[in-house]
Each structure stands twice: as structure tokens, then as C-alpha cells.
$ cat model.pdb   # PDB, C-alpha atoms
ATOM      1  CA  MET A   1    -156.165  41.515  85.733
ATOM      2  CA  ILE A   2    -153.834  43.772  83.796
ATOM      3  CA  SER A   3    -155.261  45.346  80.674
ATOM      4  CA  TYR A   4    -153.186  46.732  77.872
ATOM      5  CA  LYS A   5    -154.550  49.649  75.911
ATOM      6  CA  PRO A   6    -153.267  49.829  72.351
ATOM      7  CA  ILE A   7    -151.768  53.112  71.154
ATOM      8  CA  GLU A   8    -154.472  55.045  69.374
ATOM      9  CA  ARG A   9    -153.807  56.566  65.990
ATOM     10  CA  ASN A  10    -153.760  60.111  67.283
ATOM     11  CA  SER A  11    -151.351  59.095  70.071
ATOM     12  CA  ARG A  12    -149.056  57.380  67.602
ATOM     13  CA  GLY A  13    -149.213  60.404  65.350
ATOM     14  CA  HIS A  14    -148.356  62.647  68.275
ATOM     15  CA  LEU A  15    -145.341  60.508  69.185
ATOM     16  CA  ASN A  16    -144.201  60.565  65.565
ATOM     17  CA  ASN A  17    -144.551  64.338  65.462
ATOM     18  CA  MET A  18    -142.456  64.660  68.608
ATOM     19  CA  PHE A  19    -139.738  62.486  67.088
ATOM     20  CA  LEU A  20    -139.713  64.506  63.863
ATOM     21  CA  SER A  21    -139.765  67.727  65.852
ATOM     22  CA  LYS A  22    -136.642  66.712  67.760
ATOM     23  CA  THR A  23    -134.970  65.764  64.487
ATOM     24  CA  HIS A  24    -135.549  69.253  63.091
ATOM     25  CA  PHE A  25    -134.404  70.732  66.412
ATOM     26  CA  LYS A  26    -131.103  68.845  66.205
ATOM     27  CA  LYS A  27    -130.624  69.968  62.608
ATOM     28  CA  GLY A  28    -131.292  73.520  63.713
ATOM     29  CA  ASN A  29    -128.672  73.246  66.445
ATOM     30  CA  LYS A  30    -126.120  71.930  63.961
ATOM     31  CA  LEU A  31    -126.770  74.815  61.577
ATOM     32  CA  PHE A  32    -126.626  77.258  64.495
ATOM     33  CA  SER A  33    -123.220  75.927  65.556
ATOM     34  CA  GLU A  34    -122.034  76.321  61.946
ATOM     35  CA  GLY A  35    -123.163  79.949  61.846
ATOM     36  CA  ASP A  36    -126.082  79.385  59.474
ATOM     37  CA  TYR A  37    -128.629  81.189  61.609
ATOM     38  CA  SER A  38    -131.252  81.604  58.885
ATOM     39  CA  GLY A  39    -131.081  77.886  58.149
ATOM     40  CA  ALA A  40    -131.338  77.167  61.870
ATOM     41  CA  ILE A  41    -134.470  79.314  62.121
ATOM     42  CA  ALA A  42    -136.061  77.338  59.281
ATOM     43  CA  GLN A  43    -135.390  74.080  61.133
ATOM     44  CA  TYR A  44    -136.692  75.436  64.434
ATOM     45  CA  ASP A  45    -139.831  76.554  62.599
ATOM     46  CA  GLN A  46    -140.289  72.980  61.388
ATOM     47  CA  ALA A  47    -139.821  71.699  64.941
ATOM     48  CA  ILE A  48    -142.384  74.160  66.299
ATOM     49  CA  ALA A  49    -144.866  73.359  63.527
ATOM     50  CA  LEU A  50    -144.819  69.742  64.693
ATOM     51  CA  ASP A  51    -144.787  70.559  68.406
ATOM     52  CA  ALA A  52    -146.214  73.973  69.219
ATOM     53  CA  LYS A  53    -145.015  73.767  72.844
ATOM     54  CA  TYR A  54    -141.377  73.018  72.094
ATOM     55  CA  ILE A  55    -139.963  75.630  74.466
ATOM     56  CA  ILE A  56    -136.282  75.106  73.677
ATOM     57  CA  ALA A  57    -136.960  75.437  69.958
ATOM     58  CA  TYR A  58    -138.511  78.862  70.597
ATOM     59  CA  LEU A  59    -135.518  79.843  72.748
ATOM     60  CA  ASN A  60    -132.939  78.769  70.198
ATOM     61  CA  LYS A  61    -134.914  80.376  67.399
ATOM     62  CA  GLY A  62    -134.833  83.585  69.402
ATOM     63  CA  ASN A  63    -131.085  83.195  69.859
ATOM     64  CA  ALA A  64    -130.664  82.758  66.110
ATOM     65  CA  PHE A  65    -132.584  85.982  65.528
ATOM     66  CA  PHE A  66    -130.298  87.584  68.107
ATOM     67  CA  LYS A  67    -127.251  86.469  66.129
ATOM     68  CA  LEU A  68    -128.790  88.019  63.016
ATOM     69  CA  LYS A  69    -129.406  91.225  65.012
ATOM     70  CA  ASP A  70    -133.131  90.845  64.426
ATOM     71  CA  TYR A  71    -133.929  91.841  67.979
ATOM     72  CA  TYR A  72    -137.667  92.185  67.510
ATOM     73  CA  GLY A  73    -137.809  88.699  66.041
ATOM     74  CA  ALA A  74    -135.903  87.466  69.078
ATOM     75  CA  ILE A  75    -138.312  89.191  71.468
ATOM     76  CA  ASP A  76    -141.279  87.548  69.723
ATOM     77  CA  CYS A  77    -139.697  84.114  70.199
ATOM     78  CA  PHE A  78    -138.908  84.653  73.862
ATOM     79  CA  THR A  79    -142.398  86.050  74.443
ATOM     80  CA  ASN A  80    -143.884  82.927  72.861
ATOM     81  CA  ALA A  81    -141.725  80.796  75.147
ATOM     82  CA  ILE A  82    -142.951  82.770  78.164
ATOM     83  CA  SER A  83    -146.581  82.303  77.140
ATOM     84  CA  ILE A  84    -146.017  78.534  77.161
ATOM     85  CA  ALA A  85    -143.866  78.379  80.300
ATOM     86  CA  PRO A  86    -144.341  81.520  82.425
ATOM     87  CA  ASP A  87    -142.148  80.048  85.166
ATOM     88  CA  ASN A  88    -139.091  79.693  82.924
ATOM     89  CA  PRO A  89    -136.412  82.167  84.095
ATOM     90  CA  GLN A  90    -134.215  81.699  81.019
ATOM     91  CA  ALA A  91    -136.914  82.983  78.665
ATOM     92  CA  PHE A  92    -137.361  86.120  80.772
ATOM     93  CA  TYR A  93    -133.578  86.528  81.029
ATOM     94  CA  ASN A  94    -133.063  86.333  77.277
ATOM     95  CA  ARG A  95    -135.867  88.795  76.642
ATOM     96  CA  ALA A  96    -134.437  91.138  79.281
ATOM     97  CA  VAL A  97    -131.078  91.114  77.477
ATOM     98  CA  ILE A  98    -132.708  92.044  74.171
ATOM     99  CA  HIS A  99    -134.841  94.780  75.714
ATOM    100  CA  GLY A 100    -131.652  96.198  77.194
ATOM    101  CA  LEU A 101    -129.966  96.246  73.788
ATOM    102  CA  LEU A 102    -132.981  98.092  72.384
ATOM    103  CA  LYS A 103    -132.812 100.570  75.291
ATOM    104  CA  ASN A 104    -136.221  99.450  76.478
ATOM    105  CA  TYR A 105    -134.928  99.853  80.004
ATOM    106  CA  SER A 106    -138.246  99.683  81.811
ATOM    107  CA  GLU A 107    -139.203  96.424  80.085
ATOM    108  CA  SER A 108    -135.728  95.007  80.651
ATOM    109  CA  LEU A 109    -135.843  95.800  84.369
ATOM    110  CA  GLN A 110    -139.278  94.193  84.653
ATOM    111  CA  ASP A 111    -137.987  91.011  83.027
ATOM    112  CA  TYR A 112    -134.906  90.876  85.262
ATOM    113  CA  GLU A 113    -137.191  91.315  88.257
ATOM    114  CA  LYS A 114    -139.214  88.328  87.079
ATOM    115  CA  VAL A 115    -136.072  86.267  86.501
ATOM    116  CA  LEU A 116    -134.914  86.872  90.052
ATOM    117  CA  SER A 117    -138.330  86.089  91.482
ATOM    118  CA  LEU A 118    -138.046  82.687  89.792
ATOM    119  CA  ASP A 119    -134.352  82.077  90.509
ATOM    120  CA  VAL A 120    -132.847  84.077  93.363
ATOM    121  CA  ASN A 121    -129.368  82.681  92.630
ATOM    122  CA  TYR A 122    -129.147  83.844  89.021
ATOM    123  CA  ALA A 123    -125.843  85.731  89.270
ATOM    124  CA  ASP A 124    -125.837  86.814  85.617
ATOM    125  CA  ALA A 125    -129.255  88.418  86.043
ATOM    126  CA  TYR A 126    -127.930  90.507  88.927
ATOM    127  CA  MET A 127    -124.847  91.355  86.857
ATOM    128  CA  ASN A 128    -126.805  92.439  83.788
ATOM    129  CA  ARG A 129    -129.435  94.317  85.749
ATOM    130  CA  GLY A 130    -126.662  96.107  87.610
ATOM    131  CA  SER A 131    -125.043  97.092  84.307
ATOM    132  CA  LEU A 132    -128.365  98.482  83.115
ATOM    133  CA  LEU A 133    -128.794 100.412  86.371
ATOM    134  CA  LEU A 134    -125.339 101.909  85.835
ATOM    135  CA  LYS A 135    -126.486 103.194  82.460
ATOM    136  CA  ILE A 136    -129.448 104.986  84.002
ATOM    137  CA  LYS A 137    -127.225 106.331  86.810
ATOM    138  CA  ALA A 138    -128.892 104.351  89.610
ATOM    139  CA  TYR A 139    -125.470 103.714  91.096
ATOM    140  CA  GLU A 140    -126.422 102.490  94.570
ATOM    141  CA  SER A 141    -128.926  99.989  93.162
ATOM    142  CA  ALA A 142    -126.347  98.849  90.614
ATOM    143  CA  LEU A 143    -123.764  98.353  93.357
ATOM    144  CA  ASN A 144    -126.243  96.253  95.324
ATOM    145  CA  ASP A 145    -126.810  93.983  92.316
ATOM    146  CA  PHE A 146    -123.096  93.561  91.622
ATOM    147  CA  TYR A 147    -122.512  92.759  95.267
ATOM    148  CA  LYS A 148    -125.220  90.085  95.175
ATOM    149  CA  ALA A 149    -123.605  88.575  92.088
ATOM    150  CA  THR A 150    -120.305  88.259  93.955
ATOM    151  CA  ARG A 151    -122.049  86.629  96.918
ATOM    152  CA  ILE A 152    -123.605  84.016  94.644
ATOM    153  CA  SER A 153    -120.494  83.536  92.517
ATOM    154  CA  PRO A 154    -117.379  84.493  94.550
ATOM    155  CA  ALA A 155    -115.087  84.123  91.514
ATOM    156  CA  PHE A 156    -117.147  86.451  89.320
ATOM    157  CA  ALA A 157    -114.357  88.871  88.390
ATOM    158  CA  GLU A 158    -116.555  91.094  86.222
ATOM    159  CA  ALA A 159    -118.977  91.616  89.103
ATOM    160  CA  TYR A 160    -116.151  92.763  91.387
ATOM    161  CA  TYR A 161    -114.887  95.069  88.658
ATOM    162  CA  ASN A 162    -118.349  96.588  88.209
ATOM    163  CA  CYS A 163    -118.573  97.113  91.966
ATOM    164  CA  GLY A 164    -115.490  99.239  91.481
ATOM    165  CA  VAL A 165    -117.144 101.182  88.679
ATOM    166  CA  ALA A 166    -120.216 101.831  90.822
ATOM    167  CA  TYR A 167    -118.109 102.949  93.790
ATOM    168  CA  GLU A 168    -116.169 105.274  91.493
ATOM    169  CA  LYS A 169    -119.408 106.785  90.195
ATOM    170  CA  LEU A 170    -120.424 107.350  93.812
ATOM    171  CA  GLY A 171    -117.170 109.207  94.436
ATOM    172  CA  LEU A 172    -115.686 106.477  96.644
ATOM    173  CA  SER A 173    -112.375 105.997  94.855
ATOM    174  CA  GLU A 174    -110.682 104.073  97.655
ATOM    175  CA  MET A 175    -113.429 101.428  97.665
ATOM    176  CA  ALA A 176    -113.366 101.400  93.874
ATOM    177  CA  GLN A 177    -109.660 100.560  93.832
ATOM    178  CA  LYS A 178    -110.249  97.795  96.372
ATOM    179  CA  TYR A 179    -112.754  96.065  94.110
ATOM    180  CA  TYR A 180    -110.717  96.635  90.957
ATOM    181  CA  GLN A 181    -107.868  94.852  92.719
ATOM    182  CA  LYS A 182    -110.135  91.962  93.714
ATOM    183  CA  ALA A 183    -111.147  91.510  90.093
ATOM    184  CA  LYS A 184    -107.503  91.642  89.007
ATOM    185  CA  ASN A 185    -106.463  89.096  91.628
ATOM    186  CA  ILE A 186    -109.158  86.640  90.542
ATOM    187  CA  ARG A 187    -108.140  86.893  86.904
ATOM    188  CA  LYS A 188    -104.444  86.581  87.724
ATOM    189  CA  LYS A 189    -104.884  83.625  90.071
ATOM    190  CA  ASP A 190    -107.430  81.581  88.176
ATOM    191  CA  GLU A 191    -107.236  83.023  84.662
ATOM    192  CA  PHE A 192    -110.926  83.379  85.238
ATOM    193  CA  THR A 193    -113.502  83.212  82.500
ATOM    194  CA  PRO A 194    -117.014  83.469  83.955
ATOM    195  CA  GLN A 195    -119.291  80.531  83.310
ATOM    196  CA  LYS A 196    -122.414  82.203  82.027
ATOM    197  CA  LYS A 197    -125.730  80.442  81.875
ATOM    198  CA  SER A 198    -126.009  79.333  78.297
ATOM    199  CA  PHE A 199    -127.761  81.530  75.776
ATOM    200  CA  PHE A 200    -128.074  78.448  73.551
ATOM    201  CA  TYR A 201    -129.678  75.104  74.328
ATOM    202  CA  LYS A 202    -128.809  71.603  73.165
ATOM    203  CA  ASN A 203    -130.932  69.813  75.734
ATOM    204  CA  GLU A 204    -133.972  68.195  74.144
ATOM    205  CA  ASN A 205    -135.998  68.068  77.330
ATOM    206  CA  LYS A 206    -138.899  70.436  77.666
ATOM    207  CA  PHE A 207    -139.531  72.708  80.593
TER     208      PHE A 207
END

$ encode --input "model.pdb" --output "C-alpha cells"
Amino acid sequence: MISYKPIERNSRGHLNNMFLSKTHFKKGNKLFSEGDYSGAIAQYDQAIALDAKYIIAYLNKGNAFFKLKDYYGAIDCFTNAISIAPDNPQAFYNRAVIHGLLKNYSESLQDYEKVLSLDVNYADAYMNRGSLLLKIKAYESALNDFYKATRISPAFAEAYYNCGVAYEKLGLSEMAQKYYQKAKNIRKKDEFTPQKKSFFYKNENKF
């Protein structure tokens, strides 16, 4: 015999909250796309108030803070996302980017390390970590990261170019010119624009 359990009031209320939360999230995305980042943050706040585990709302709120150059606000949002979903590489990646901008190099490197432990094929994480390693003059480590980025994404012109930069810093000008030429050839042949993993999310699904 099949029994049907009616939706309880708290369940119905929860479903209603989720619907309203997604509505605010969509409004936030619209405002974000229009450049109204403060308005977007207000909508994401509404979404989060109705659904405290709305990961993508935290991520996009962080991205809105990033656009406003409120980097500490962005870090708080990405940290909240990590506390909810500690296996989400995008949250660690976004926070790593912000830490890098703030010259918190140790924290940024730790976050990139976590990203790559969760997603070994994250070419942009190798690229950005390599760029950070260049800044702190860890040229061989930077070269290794750029090389890995090219292995994952063979048309990643910027990664080839940065290999050239690293080789030049290491005093290997002939190798540097080789990789500069590879980057130039890719751009000339394909008019290449790298497809970065999005820093902004329209998907309503939760991680």
C-alpha cells in the first residue's frame, strides 16, 4: 500500500523560502550585469537571509564586492562559501585571487594549493599561482606551473608567454624566445582569447 505524506507547514515554508531566495538571486544577477554592484549585494543578502546555504549567492556577492574593490568584503563572502562547501574549488580560487591582490601571498598560495588538490586540471589556478610565484622570484616553481597550464590547455597563449618570462628571468633567453613565439603563433592562428573559468555565476544549482 502506497502512503502519501502531506507537505508539512515547515516544509512548505522552506520550499517557499527557496523560491523567494532564487528570485532575489536572479534580481541580483541582473543588477550585477547592469553594473549596479551595491544593488546586487542587497539582493544577494536577501537570498542568503532566506537560504543561509546558498553557495552561489555568497560567491556572486563576493564578486560584487570585488567589483567595488572592497576586497575584505569579498574575502568574507568567499570564506563563508568555503565554510558551507569546503570541497568547492571555485570558492578557494576566488579567495586566492583576492589574497593575491592584497599581497597576502602566503594565504593566496595556500588557497591555490587547496584548489589544485580539489581540481588537478584547473589551468587558471596554475596560471595565477605561477604569476604570483614570479612576483616572489620563485622562477623555477613559476615555470613549472605555467608549463602545467599549457599541458592542460594547449591553446593557453598567456601561459606560453609566461613560460617565456620565467625562462628569461632564469637567464635562458633562447628558451624564452621559443615560448614567446609559441604564444604569438597561437594568437595569430586562432585569435585566441582564453576561456577562463567564470568569476560570476548564473547557475541556480547549489554545490

$ closest_residue --input "model.pdb" --among "A:Gln181, A:Phe25, A:Gln46, A:Asp87" --to "Asn60 in chain A" --atoms "all atoms listed in the file"
A:Phe25

$ resolve_selection --input "model.pdb" --expression "the PyMOL selection byres ((chain A and resi 146) around 10)" --output "PyMOL selection string"
chain A and resi 123-131+140-145+147-151+156+158-164+166

$ write_last_selection --input "model.pdb" --atoms "C-alpha atoms" --output "mmCIF file, in the frame of the given file"
data_model
loop_
_atom_site.group_PDB
_atom_site.id
_atom_site.type_symbol
_atom_site.label_atom_id
_atom_site.label_comp_id
_atom_site.auth_asym_id
_atom_site.auth_seq_id
_atom_site.Cartn_x
_atom_site.Cartn_y
_atom_site.Cartn_z
ATOM 1 C CA ALA A 123 -125.843 85.731 89.270
ATOM 2 C CA ASP A 124 -125.837 86.814 85.617
ATOM 3 C CA ALA A 125 -129.255 88.418 86.043
ATOM 4 C CA TYR A 126 -127.930 90.507 88.927
ATOM 5 C CA MET A 127 -124.847 91.355 86.857
ATOM 6 C CA ASN A 128 -126.805 92.439 83.788
ATOM 7 C CA ARG A 129 -129.435 94.317 85.749
ATOM 8 C CA GLY A 130 -126.662 96.107 87.610
ATOM 9 C CA SER A 131 -125.043 97.092 84.307
ATOM 10 C CA GLU A 140 -126.422 102.490 94.570
ATOM 11 C CA SER A 141 -128.926 99.989 93.162
ATOM 12 C CA ALA A 142 -126.347 98.849 90.614
ATOM 13 C CA LEU A 143 -123.764 98.353 93.357
ATOM 14 C CA ASN A 144 -126.243 96.253 95.324
ATOM 15 C CA ASP A 145 -126.810 93.983 92.316
ATOM 16 C CA TYR A 147 -122.512 92.759 95.267
ATOM 17 C CA LYS A 148 -125.220 90.085 95.175
ATOM 18 C CA ALA A 149 -123.605 88.575 92.088
ATOM 19 C CA THR A 150 -120.305 88.259 93.955
ATOM 20 C CA ARG A 151 -122.049 86.629 96.918
ATOM 21 C CA PHE A 156 -117.147 86.451 89.320
ATOM 22 C CA GLU A 158 -116.555 91.094 86.222
ATOM 23 C CA ALA A 159 -118.977 91.616 89.103
ATOM 24 C CA TYR A 160 -116.151 92.763 91.387
ATOM 25 C CA TYR A 161 -114.887 95.069 88.658
ATOM 26 C CA ASN A 162 -118.349 96.588 88.209
ATOM 27 C CA CYS A 163 -118.573 97.113 91.966
ATOM 28 C CA GLY A 164 -115.490 99.239 91.481
ATOM 29 C CA ALA A 166 -120.216 101.831 90.822
#

$ atom_distance --input "model.pdb" --atom1 "CA of Lys61 in chain A" --atom2 "CA of Ala40 in chain A"
7.3 Å

$ atom_distance --input "model.pdb" --atom1 "CA of Leu132 in chain A" --atom2 "CA of Leu102 in chain A"
11.7 Å

$ atom_distance --input "model.pdb" --atom1 "CA of Asn29 in chain A" --atom2 "CA of Ala74 in chain A"
16.2 Å

$ closest_residue --input "model.pdb" --among "A:Asp111, A:Glu174, A:Asp119, A:Asp70" --to "Phe92 in chain A" --atoms "only C-alpha atoms"
A:Asp111

$ closest_residue --input "model.pdb" --among "A:Ile75, A:Ala64, A:Ala47, A:Ala96" --to "Gln110 in chain A" --atoms "only C-alpha atoms"
A:Ala96

$ closest_residue --input "model.pdb" --among "A:Tyr72, A:Leu50, A:Lys103, A:Asn88" --to "Ser117 in chain A" --atoms "all atoms listed in the file"
A:Asn88

$ resolve_selection --input "model.pdb" --expression "the PyMOL selection byres ((chain A and resi 31) around 12)" --output "list in words"
His24, Phe25, Lys26, Lys27, Gly28, Asn29, Lys30, Phe32, Ser33, Glu34, Gly35, Asp36, Tyr37, Ser38, Gly39, Ala40, Ile41, Ala42, Gln43, Tyr44, Asn60, Lys61 and Ala64 of chain A

$ axis_aligned_box --input "model.pdb" --around "range 146-160 of chain A" --padding-each-side "6 Å" --output "AutoDock Vina command-line options"
--center_x -119.8 --center_y 88.5 --center_z 91.6 --size_x 22.9 --size_y 22.0 --size_z 22.7

$ residues_around --input "model.pdb" --residues "Tyr71 in chain A" --least-positions-apart "2" --cutoff "10 Å" --atoms "all atoms listed in the file" --output "number ranges by chain"
A: 62-69, 73-77, 95, 97-99, 101-102

$ residues_around --input "model.pdb" --residues "Ala91 in chain A" --least-positions-apart "3" --cutoff "7 Å" --atoms "all atoms listed in the file" --output "JSON, numbers by chain"
{"A": [59, 78, 81, 82, 88, 94, 95]}

$ closest_residue --input "model.pdb" --among "A:Tyr122, A:Lys22, A:Lys137, A:Gln90" --to "Ala57 in chain A" --atoms "only C-alpha atoms"
A:Lys22

$ resolve_selection --input "model.pdb" --expression "the PyMOL selection byres ((chain A and resi 53) around 10)" --output "list in words"
Ala47, Ile48, Ala49, Leu50, Asp51, Ala52, Tyr54, Ile55, Ile56, Ala57, Tyr58, Asn80, Ala81, Ser83, Ile84, Ala85, Lys206 and Phe207 of chain A
